[in-house]
file run.pdb (PDB, C-alpha atoms)
ATOM      1  CA  MET A 226      30.505  10.735  -0.625  1.00  0.00           C
ATOM      2  CA  ASP A 227      32.171  11.924  -3.826  1.00  0.00           C
ATOM      3  CA  ILE A 228      31.875  15.707  -3.745  1.00  0.00           C
ATOM      4  CA  SER A 229      32.728  15.828  -7.460  1.00  0.00           C
ATOM      5  CA  THR A 230      29.187  14.597  -8.211  1.00  0.00           C
ATOM      6  CA  PRO A 231      27.244  17.378  -9.978  1.00  0.00           C
ATOM      7  CA  VAL A 232      24.773  19.196  -7.765  1.00  0.00           C
ATOM      8  CA  ARG A 233      21.139  19.273  -8.811  1.00  0.00           C
ATOM      9  CA  ALA A 234      20.287  22.848  -7.868  1.00  0.00           C
ATOM     10  CA  ASN A 235      16.872  22.911  -9.579  1.00  0.00           C
ATOM     11  CA  ALA A 236      15.242  19.704  -8.348  1.00  0.00           C
ATOM     12  CA  VAL A 237      11.465  20.081  -8.022  1.00  0.00           C
ATOM     13  CA  PRO A 238       9.705  17.634  -5.653  1.00  0.00           C
ATOM     14  CA  PRO A 239       5.917  17.164  -6.059  1.00  0.00           C
ATOM     15  CA  TYR A 240       3.634  18.721  -3.473  1.00  0.00           C
ATOM     16  CA  GLY A 241       3.860  16.883  -0.141  1.00  0.00           C
ATOM     17  CA  HIS A 242       7.203  15.287  -1.071  1.00  0.00           C
ATOM     18  CA  ILE A 243      10.888  16.083  -0.673  1.00  0.00           C
ATOM     19  CA  ILE A 244      13.805  14.718  -2.678  1.00  0.00           C
ATOM     20  CA  VAL A 245      16.249  12.836  -0.455  1.00  0.00           C
ATOM     21  CA  ASN A 246      19.800  11.752  -1.148  1.00  0.00           C
ATOM     22  CA  GLU A 247      19.858   7.947  -1.456  1.00  0.00           C
ATOM     23  CA  LYS A 248      22.420   7.658   1.357  1.00  0.00           C
ATOM     24  CA  TRP A 249      19.705   8.613   3.885  1.00  0.00           C
ATOM     25  CA  ARG A 250      17.405   5.695   3.034  1.00  0.00           C
ATOM     26  CA  GLY A 251      16.495   3.893   6.263  1.00  0.00           C
ATOM     27  CA  SER A 252      17.933   6.644   8.478  1.00  0.00           C
ATOM     28  CA  ALA A 253      16.264   8.087  11.583  1.00  0.00           C
ATOM     29  CA  ILE A 254      15.726  11.332   9.662  1.00  0.00           C
ATOM     30  CA  VAL A 255      13.663   9.648   6.952  1.00  0.00           C
ATOM     31  CA  GLN A 256      11.797   7.473   9.471  1.00  0.00           C
ATOM     32  CA  GLY A 257      10.710  10.679  11.202  1.00  0.00           C
ATOM     33  CA  PHE A 258       8.978  11.881   8.015  1.00  0.00           C
ATOM     34  CA  ARG A 259       6.299   9.185   8.221  1.00  0.00           C
ATOM     35  CA  GLY A 260       2.814  10.635   8.093  1.00  0.00           C
ATOM     36  CA  SER A 261       4.116  14.154   7.375  1.00  0.00           C
ATOM     37  CA  ILE A 262       6.020  14.241   4.095  1.00  0.00           C
ATOM     38  CA  LYS A 263       6.984  11.578   1.562  1.00  0.00           C
ATOM     39  CA  PRO A 264      10.619  11.088   0.495  1.00  0.00           C
ATOM     40  CA  ILE A 265      11.700  10.512  -3.097  1.00  0.00           C
ATOM     41  CA  PHE A 266      15.183   8.977  -3.154  1.00  0.00           C
ATOM     42  CA  GLU A 267      17.754   9.961  -5.769  1.00  0.00           C
ATOM     43  CA  GLU A 268      21.462   9.268  -6.042  1.00  0.00           C
ATOM     44  CA  GLU A 269      22.747  12.216  -8.114  1.00  0.00           C
ATOM     45  CA  LEU A 270      22.254  15.093  -5.670  1.00  0.00           C
ATOM     46  CA  GLY A 271      25.918  15.927  -5.073  1.00  0.00           C
ATOM     47  CA  VAL A 272      26.439  17.547  -1.678  1.00  0.00           C
ATOM     48  CA  VAL A 273      22.722  18.318  -1.287  1.00  0.00           C
ATOM     49  CA  ASP A 274      21.036  15.965   1.172  1.00  0.00           C
ATOM     50  CA  PHE A 275      17.415  17.165   0.962  1.00  0.00           C
ATOM     51  CA  HIS A 276      15.569  19.235  -1.663  1.00  0.00           C
ATOM     52  CA  LEU A 277      12.533  20.811   0.012  1.00  0.00           C
ATOM     53  CA  SER A 278      11.406  22.670  -3.112  1.00  0.00           C
ATOM     54  CA  ASN A 279      12.941  24.103  -6.268  1.00  0.00           C
ATOM     55  CA  LYS A 280      14.155  27.021  -4.114  1.00  0.00           C
ATOM     56  CA  SER A 281      15.226  25.400  -0.859  1.00  0.00           C
ATOM     57  CA  CYS A 282      17.698  22.652  -0.050  1.00  0.00           C
ATOM     58  CA  VAL A 283      19.496  21.245   2.979  1.00  0.00           C
ATOM     59  CA  MET A 284      23.010  19.951   3.604  1.00  0.00           C
ATOM     60  CA  TYR A 285      23.577  17.839   6.717  1.00  0.00           C
ATOM     61  CA  VAL A 286      26.856  17.802   8.667  1.00  0.00           C
ATOM     62  CA  SER A 287      26.867  14.904  11.088  1.00  0.00           C
ATOM     63  CA  GLU A 288      28.763  14.386  14.304  1.00  0.00           C
ATOM     64  CA  SER A 289      31.074  11.943  12.521  1.00  0.00           C
ATOM     65  CA  ASP A 290      31.723  14.496   9.747  1.00  0.00           C
ATOM     66  CA  LEU A 291      32.952  17.024  12.313  1.00  0.00           C
ATOM     67  CA  VAL A 292      35.091  14.540  14.212  1.00  0.00           C
ATOM     68  CA  ALA A 293      36.612  13.086  11.020  1.00  0.00           C
ATOM     69  CA  GLY A 294      38.235  16.350   9.932  1.00  0.00           C
ATOM     70  CA  SER A 295      37.856  19.233   7.485  1.00  0.00           C
ATOM     71  CA  THR A 296      36.369  17.351   4.509  1.00  0.00           C
ATOM     72  CA  TYR A 297      33.003  18.927   5.314  1.00  0.00           C
ATOM     73  CA  LYS A 298      34.473  22.355   4.485  1.00  0.00           C
ATOM     74  CA  ARG A 299      34.918  21.393   0.837  1.00  0.00           C
ATOM     75  CA  ARG A 300      31.318  20.194   0.822  1.00  0.00           C
ATOM     76  CA  LEU A 301      30.156  23.496   2.308  1.00  0.00           C
ATOM     77  CA  VAL A 302      32.012  25.523  -0.315  1.00  0.00           C
ATOM     78  CA  LYS A 303      30.523  23.462  -3.146  1.00  0.00           C
ATOM     79  CA  PHE A 304      27.080  23.719  -1.546  1.00  0.00           C
ATOM     80  CA  ARG A 305      27.362  27.520  -1.380  1.00  0.00           C
ATOM     81  CA  ASN A 306      28.688  27.814  -4.944  1.00  0.00           C
ATOM     82  CA  ALA A 307      26.163  25.448  -6.521  1.00  0.00           C
ATOM     83  CA  ARG A 308      22.933  26.806  -5.092  1.00  0.00           C
ATOM     84  CA  PHE A 309      22.465  29.469  -7.779  1.00  0.00           C
ATOM     85  CA  SER A 310      18.925  30.793  -7.096  1.00  0.00           C
ATOM     86  CA  THR A 311      18.337  28.248  -4.352  1.00  0.00           C
ATOM     87  CA  HIS A 312      18.194  29.097  -0.648  1.00  0.00           C
ATOM     88  CA  GLY A 313      20.250  26.593   1.291  1.00  0.00           C
ATOM     89  CA  VAL A 314      20.502  25.775   4.955  1.00  0.00           C
ATOM     90  CA  VAL A 315      23.123  23.722   6.751  1.00  0.00           C
ATOM     91  CA  LEU A 316      22.085  21.455   9.623  1.00  0.00           C
ATOM     92  CA  VAL A 317      24.932  20.579  11.993  1.00  0.00           C
ATOM     93  CA  GLU A 318      24.837  17.945  14.713  1.00  0.00           C
ATOM     94  CA  ARG A 319      25.837  19.660  17.935  1.00  0.00           C
ATOM     95  CA  THR A 320      26.460  16.937  20.519  1.00  0.00           C
ATOM     96  CA  ARG A 321      28.740  16.464  23.506  1.00  0.00           C
ATOM     97  CA  LEU A 322      31.249  14.788  21.207  1.00  0.00           C
ATOM     98  CA  SER A 323      31.118  17.402  18.436  1.00  0.00           C
ATOM     99  CA  GLU A 324      30.784  20.469  20.703  1.00  0.00           C
ATOM    100  CA  GLN A 325      34.499  21.290  20.446  1.00  0.00           C
ATOM    101  CA  TYR A 326      34.239  21.460  16.643  1.00  0.00           C
ATOM    102  CA  PHE A 327      30.949  23.328  16.398  1.00  0.00           C
ATOM    103  CA  LEU A 328      32.275  26.881  16.747  1.00  0.00           C
ATOM    104  CA  GLY A 329      34.718  26.261  13.889  1.00  0.00           C
ATOM    105  CA  VAL A 330      32.073  25.068  11.464  1.00  0.00           C
ATOM    106  CA  GLN A 331      29.725  27.853  12.543  1.00  0.00           C
ATOM    107  CA  LYS A 332      32.317  30.541  11.857  1.00  0.00           C
ATOM    108  CA  PHE A 333      33.228  29.015   8.511  1.00  0.00           C
ATOM    109  CA  ALA A 334      29.656  28.443   7.279  1.00  0.00           C
ATOM    110  CA  VAL A 335      28.024  31.643   8.573  1.00  0.00           C
ATOM    111  CA  PHE A 336      30.782  34.248   8.684  1.00  0.00           C
ATOM    112  CA  GLU A 337      32.948  33.181   5.729  1.00  0.00           C
ATOM    113  CA  LEU A 338      30.385  31.605   3.385  1.00  0.00           C
ATOM    114  CA  GLY A 339      27.227  33.484   4.429  1.00  0.00           C
ATOM    115  CA  LEU A 340      25.160  30.302   4.805  1.00  0.00           C
ATOM    116  CA  ALA A 341      22.239  29.779   7.172  1.00  0.00           C
ATOM    117  CA  LEU A 342      23.219  27.253   9.845  1.00  0.00           C
ATOM    118  CA  LEU A 343      20.949  25.469  12.305  1.00  0.00           C
ATOM    119  CA  PRO A 344      22.334  23.270  15.105  1.00  0.00           C
ATOM    120  CA  VAL A 345      20.450  20.058  15.867  1.00  0.00           C
ATOM    121  CA  ALA A 346      20.921  17.532  18.654  1.00  0.00           C
ATOM    122  CA  GLY A 347      20.630  14.590  16.291  1.00  0.00           C
ATOM    123  CA  GLN A 348      18.686  13.027  13.436  1.00  0.00           C
ATOM    124  CA  THR A 349      15.360  13.018  15.270  1.00  0.00           C
ATOM    125  CA  GLU A 350      15.440  16.782  15.790  1.00  0.00           C
ATOM    126  CA  ALA A 351      16.717  17.234  12.230  1.00  0.00           C
ATOM    127  CA  SER A 352      13.729  15.279  10.908  1.00  0.00           C
ATOM    128  CA  GLN A 353      11.314  17.521  12.809  1.00  0.00           C
ATOM    129  CA  LEU A 354      13.021  20.668  11.557  1.00  0.00           C
ATOM    130  CA  ILE A 355      13.140  19.508   7.926  1.00  0.00           C
ATOM    131  CA  THR A 356       9.450  18.605   8.117  1.00  0.00           C
ATOM    132  CA  GLN A 357       8.635  22.079   9.436  1.00  0.00           C
ATOM    133  CA  LEU A 358      10.686  23.761   6.716  1.00  0.00           C
ATOM    134  CA  ALA A 359       9.117  21.591   4.008  1.00  0.00           C
ATOM    135  CA  HIS A 360       5.616  22.502   5.189  1.00  0.00           C
ATOM    136  CA  ASP A 361       6.548  26.190   5.266  1.00  0.00           C
ATOM    137  CA  ASN A 362       7.839  25.929   1.706  1.00  0.00           C
ATOM    138  CA  GLY A 363       4.659  24.170   0.638  1.00  0.00           C
ATOM    139  CA  ARG A 364       2.443  26.898   2.058  1.00  0.00           C
ATOM    140  CA  GLU A 365       4.568  29.537   0.354  1.00  0.00           C
ATOM    141  CA  ALA A 366       4.441  27.696  -2.967  1.00  0.00           C
ATOM    142  CA  GLY A 367       0.654  27.508  -2.722  1.00  0.00           C
ATOM    143  CA  SER A 368       0.236  31.250  -2.326  1.00  0.00           C
ATOM    144  CA  ASN A 369      -0.850  33.465  -5.194  1.00  0.00           C
ATOM    145  CA  PRO A 370       2.181  33.761  -7.536  1.00  0.00           C
ATOM    146  CA  PHE A 371       0.906  37.077  -8.875  1.00  0.00           C
ATOM    147  CA  LEU A 372       1.138  38.777  -5.474  1.00  0.00           C
ATOM    148  CA  ARG A 373       4.672  40.149  -5.412  1.00  0.00           C
ATOM    149  CA  ARG A 374       6.003  41.263  -2.043  1.00  0.00           C
ATOM    150  CA  SER A 375       8.867  43.681  -1.526  1.00  0.00           C
ATOM    151  CA  THR A 376       9.670  41.663   1.587  1.00  0.00           C
ATOM    152  CA  ALA A 377       9.935  38.349  -0.266  1.00  0.00           C
ATOM    153  CA  ARG A 378      13.324  37.706   1.258  1.00  0.00           C
ATOM    154  CA  LEU A 379      11.778  37.965   4.707  1.00  0.00           C
ATOM    155  CA  GLN A 380       9.372  35.163   3.783  1.00  0.00           C
ATOM    156  CA  ASP A 381      12.236  32.702   3.259  1.00  0.00           C
ATOM    157  CA  PRO A 382      11.378  30.051   5.868  1.00  0.00           C
ATOM    158  CA  LEU A 383      14.965  28.840   6.118  1.00  0.00           C
ATOM    159  CA  VAL A 384      16.390  32.214   7.083  1.00  0.00           C
ATOM    160  CA  LEU A 385      13.407  33.052   9.271  1.00  0.00           C
ATOM    161  CA  ALA A 386      13.709  29.727  11.095  1.00  0.00           C
ATOM    162  CA  LEU A 387      17.354  30.371  11.862  1.00  0.00           C
ATOM    163  CA  VAL A 388      16.721  33.839  13.295  1.00  0.00           C
ATOM    164  CA  GLN A 389      13.852  32.543  15.424  1.00  0.00           C
ATOM    165  CA  ARG A 390      16.256  30.061  17.040  1.00  0.00           C
ATOM    166  CA  ILE A 391      17.947  33.008  18.758  1.00  0.00           C
ATOM    167  CA  PRO A 392      16.799  33.267  22.403  1.00  0.00           C
ATOM    168  CA  ALA A 393      14.164  35.989  22.986  1.00  0.00           C
ATOM    169  CA  VAL A 394      13.541  36.384  19.234  1.00  0.00           C
ATOM    170  CA  GLY A 395      10.052  35.486  18.045  1.00  0.00           C
ATOM    171  CA  ARG A 396       8.573  35.894  14.590  1.00  0.00           C
ATOM    172  CA  VAL A 397       7.895  39.639  14.910  1.00  0.00           C
ATOM    173  CA  LYS A 398      11.415  40.465  16.076  1.00  0.00           C
ATOM    174  CA  ALA A 399      12.895  38.095  13.500  1.00  0.00           C
ATOM    175  CA  LEU A 400      11.087  39.926  10.698  1.00  0.00           C
ATOM    176  CA  ALA A 401      12.222  43.262  12.108  1.00  0.00           C
ATOM    177  CA  LEU A 402      15.833  42.085  12.206  1.00  0.00           C
ATOM    178  CA  LEU A 403      15.722  40.746   8.658  1.00  0.00           C
ATOM    179  CA  HIS A 404      14.101  43.955   7.436  1.00  0.00           C
ATOM    180  CA  ASN A 405      17.154  45.873   8.664  1.00  0.00           C
ATOM    181  CA  PHE A 406      19.767  43.150   8.071  1.00  0.00           C
ATOM    182  CA  PRO A 407      18.565  41.213   4.984  1.00  0.00           C
ATOM    183  CA  SER A 408      21.095  38.379   5.135  1.00  0.00           C
ATOM    184  CA  ILE A 409      22.492  36.094   7.813  1.00  0.00           C
ATOM    185  CA  HIS A 410      25.953  37.493   7.156  1.00  0.00           C
ATOM    186  CA  GLN A 411      24.797  41.102   7.690  1.00  0.00           C
ATOM    187  CA  LEU A 412      22.919  40.154  10.834  1.00  0.00           C
ATOM    188  CA  SER A 413      25.919  38.283  12.258  1.00  0.00           C
ATOM    189  CA  GLN A 414      28.153  41.299  11.627  1.00  0.00           C
ATOM    190  CA  ALA A 415      25.771  43.929  13.035  1.00  0.00           C
ATOM    191  CA  SER A 416      26.982  45.871  16.052  1.00  0.00           C
ATOM    192  CA  ALA A 417      25.175  45.762  19.383  1.00  0.00           C
ATOM    193  CA  GLN A 418      24.280  49.424  18.972  1.00  0.00           C
ATOM    194  CA  ASP A 419      22.643  48.862  15.578  1.00  0.00           C
ATOM    195  CA  LEU A 420      20.747  45.853  16.883  1.00  0.00           C
ATOM    196  CA  GLU A 421      19.481  47.790  19.904  1.00  0.00           C
ATOM    197  CA  LEU A 422      17.795  50.297  17.589  1.00  0.00           C
ATOM    198  CA  VAL A 423      15.715  47.458  16.151  1.00  0.00           C
ATOM    199  CA  VAL A 424      14.970  45.065  19.026  1.00  0.00           C
ATOM    200  CA  GLY A 425      16.201  46.700  22.217  1.00  0.00           C
ATOM    201  CA  GLN A 426      19.219  46.111  24.427  1.00  0.00           C
ATOM    202  CA  THR A 427      18.336  42.716  25.914  1.00  0.00           C
ATOM    203  CA  THR A 428      17.468  41.031  22.628  1.00  0.00           C
ATOM    204  CA  ALA A 429      20.460  42.672  20.950  1.00  0.00           C
ATOM    205  CA  GLN A 430      22.711  40.980  23.489  1.00  0.00           C
ATOM    206  CA  HIS A 431      21.080  37.615  22.736  1.00  0.00           C
ATOM    207  CA  VAL A 432      21.686  38.113  19.026  1.00  0.00           C
ATOM    208  CA  ARG A 433      25.337  38.972  19.490  1.00  0.00           C
ATOM    209  CA  SER A 434      25.830  36.024  21.841  1.00  0.00           C
ATOM    210  CA  PHE A 435      24.169  33.644  19.381  1.00  0.00           C
ATOM    211  CA  PHE A 436      26.677  34.482  16.654  1.00  0.00           C
ATOM    212  CA  THR A 437      29.808  34.964  18.758  1.00  0.00           C
ATOM    213  CA  GLN A 438      29.607  32.754  21.847  1.00  0.00           C
ATOM    214  CA  ASN A 439      27.755  29.574  20.744  1.00  0.00           C
TER     215      ASN A 439
END

call {"tool": "encode", "arguments": {"input": "run.pdb", "output": "structure tokens"}}
result
Amino acid sequence: MDISTPVRANAVPPYGHIIVNEKWRGSAIVQGFRGSIKPIFEEELGVVDFHLSNKSCVMYVSESDLVAGSTYKRRLVKFRNARFSTHGVVLVERTRLSEQYFLGVQKFAVFELGLALLPVAGQTEASQLITQLAHDNGREAGSNPFLRRSTARLQDPLVLALVQRIPAVGRVKALALLHNFPSIHQLSQASAQDLELVVGQTTAQHVRSFFTQN
């Protein structure tokens, strides 16, 4: 795909729909949406693959992207730079073939760019995860807009979903971690000692392992 294509950072899908990059038409990801959410296909989305709402979008890095070389890094940089007020998440296919490349993309996306990254086994799992995130966004969008929360950042379903993928971290511990470390970058850089003060020694070890030994 031509990464020079302008990125639509403010696309607004109707309720119950997501905006999908045309290149995914007929894919296993889109087929998995049936009965859950409805795709609207558009061509001019740039590096964005899925717009879940006007505030959340997804970029997908496939197994073939990782094996082919470092082109995906330019896409990641543009994705990070173009999001403006949008919360973005990167889905990366972590398979037996791409395993040797996964740590590199994880370090680059999370540590250097500060993006939220979620590994998936393939398009079927990606479809399930995108559906979950889209539903979470829909529930959030339907809440009272006049109720302002100081913990709004903690409500971000993309960030919360990533933290809950850490072994031994449920919703309560995830919220506690994000209260003390408000971004993925801060959480990934937190020391074991600081993490222990929030979630205890065992969970702190799981958090450190998630970001350093995956």

call {"tool": "residues_around", "arguments": {"input": "run.pdb", "residues": "Ala401 (chain A)", "least_positions_apart": "2", "cutoff": "12 Å", "atoms": "only C-alpha atoms", "output": "PyMOL selection string"}}
result
chain A and resi 376+379-380+385+388-389+394-399+403-407+412+420-425+428

call {"tool": "residues_around", "arguments": {"input": "run.pdb", "residues": "Thr349 (chain A)", "least_positions_apart": "4", "cutoff": "12 Å", "atoms": "all atoms listed in the file", "output": "mmCIF file with C-alpha atoms, in the frame of the given file"}}
result
data_model
loop_
_atom_site.group_PDB
_atom_site.id
_atom_site.type_symbol
_atom_site.label_atom_id
_atom_site.label_comp_id
_atom_site.auth_asym_id
_atom_site.auth_seq_id
_atom_site.Cartn_x
_atom_site.Cartn_y
_atom_site.Cartn_z
ATOM 1 C CA SER A 252 17.933 6.644 8.478
ATOM 2 C CA ALA A 253 16.264 8.087 11.583
ATOM 3 C CA ILE A 254 15.726 11.332 9.662
ATOM 4 C CA VAL A 255 13.663 9.648 6.952
ATOM 5 C CA GLN A 256 11.797 7.473 9.471
ATOM 6 C CA GLY A 257 10.710 10.679 11.202
ATOM 7 C CA PHE A 258 8.978 11.881 8.015
ATOM 8 C CA GLU A 318 24.837 17.945 14.713
ATOM 9 C CA VAL A 345 20.450 20.058 15.867
ATOM 10 C CA GLN A 353 11.314 17.521 12.809
ATOM 11 C CA LEU A 354 13.021 20.668 11.557
ATOM 12 C CA ILE A 355 13.140 19.508 7.926
ATOM 13 C CA THR A 356 9.450 18.605 8.117
#

call {"tool": "axis_aligned_box", "arguments": {"input": "run.pdb", "around": "region 322-338 of chain A", "padding_each_side": "8 Å", "output": "lines of an AutoDock Vina configuration file"}}
result
center_x = 31.4
center_y = 24.5
center_z = 12.3
size_x = 22.7
size_y = 35.5
size_z = 33.8

call {"tool": "closest_residue", "arguments": {"input": "run.pdb", "among": "A:Ser352, A:Asn246, A:Ser434, A:Gln426", "to": "Ile391 (chain A)", "atoms": "all atoms listed in the file"}}
result
A:Ser434

call {"tool": "resolve_selection", "arguments": {"input": "run.pdb", "expression": "the PyMOL selection byres ((chain A and resi 267) around 6)", "output": "compact mmCIF listing (two decimals) with C-alpha atoms, keeping the file's coordinate frame"}}
result
# COMPACT_ATOMS: atom_id res chain seq x y z
CA ASN A 246 19.80 11.75 -1.15
CA GLU A 247 19.86 7.95 -1.46
CA PHE A 266 15.18 8.98 -3.15
CA GLU A 268 21.46 9.27 -6.04
CA GLU A 269 22.75 12.22 -8.11

call {"tool": "residues_near_point", "arguments": {"input": "run.pdb", "point": "(37.4, 22.9, 14.3)", "cutoff": "9 Å", "atoms": "all atoms listed in the file", "output": "count of residues only"}}
result
10

call {"tool": "resolve_selection", "arguments": {"input": "run.pdb", "expression": "the PyMOL selection byres ((chain A and resi 289) around 12)", "output": "PyMOL selection string"}}
result
chain A and resi 285-288+290-297+317-320+322-324+326+347

call {"tool": "atom_distance", "arguments": {"input": "run.pdb", "atom1": "CA of Ala346 (chain A)", "atom2": "CA of His312 (chain A)"}}
result
22.7 Å

call {"tool": "closest_residue", "arguments": {"input": "run.pdb", "among": "A:Arg300, A:Lys263, A:Arg321, A:His360", "to": "Phe333 (chain A)", "atoms": "all atoms listed in the file"}}
result
A:Arg300

call {"tool": "closest_residue", "arguments": {"input": "run.pdb", "among": "A:Ser261, A:Ser413, A:Gln418, A:Gln438", "to": "Glu337 (chain A)", "atoms": "only C-alpha atoms"}}
result
A:Ser413

call {"tool": "residues_near_point", "arguments": {"input": "run.pdb", "point": "(18.2, 17.4, -0.7)", "cutoff": "12 Å", "atoms": "all atoms listed in the file", "output": "PyMOL selection string"}}
result
chain A and resi 232-238+242-249+255+264-285+304+308+311-316+355+359

call {"tool": "residues_around", "arguments": {"input": "run.pdb", "residues": "Phe436 (chain A)", "least_positions_apart": "3", "cutoff": "9 Å", "atoms": "all atoms listed in the file", "output": "list in words"}}
result
Gln331, Lys332, Val335, Phe336, Leu412, Ser413, Gln414, His431, Val432, Arg433 and Asn439 of chain A
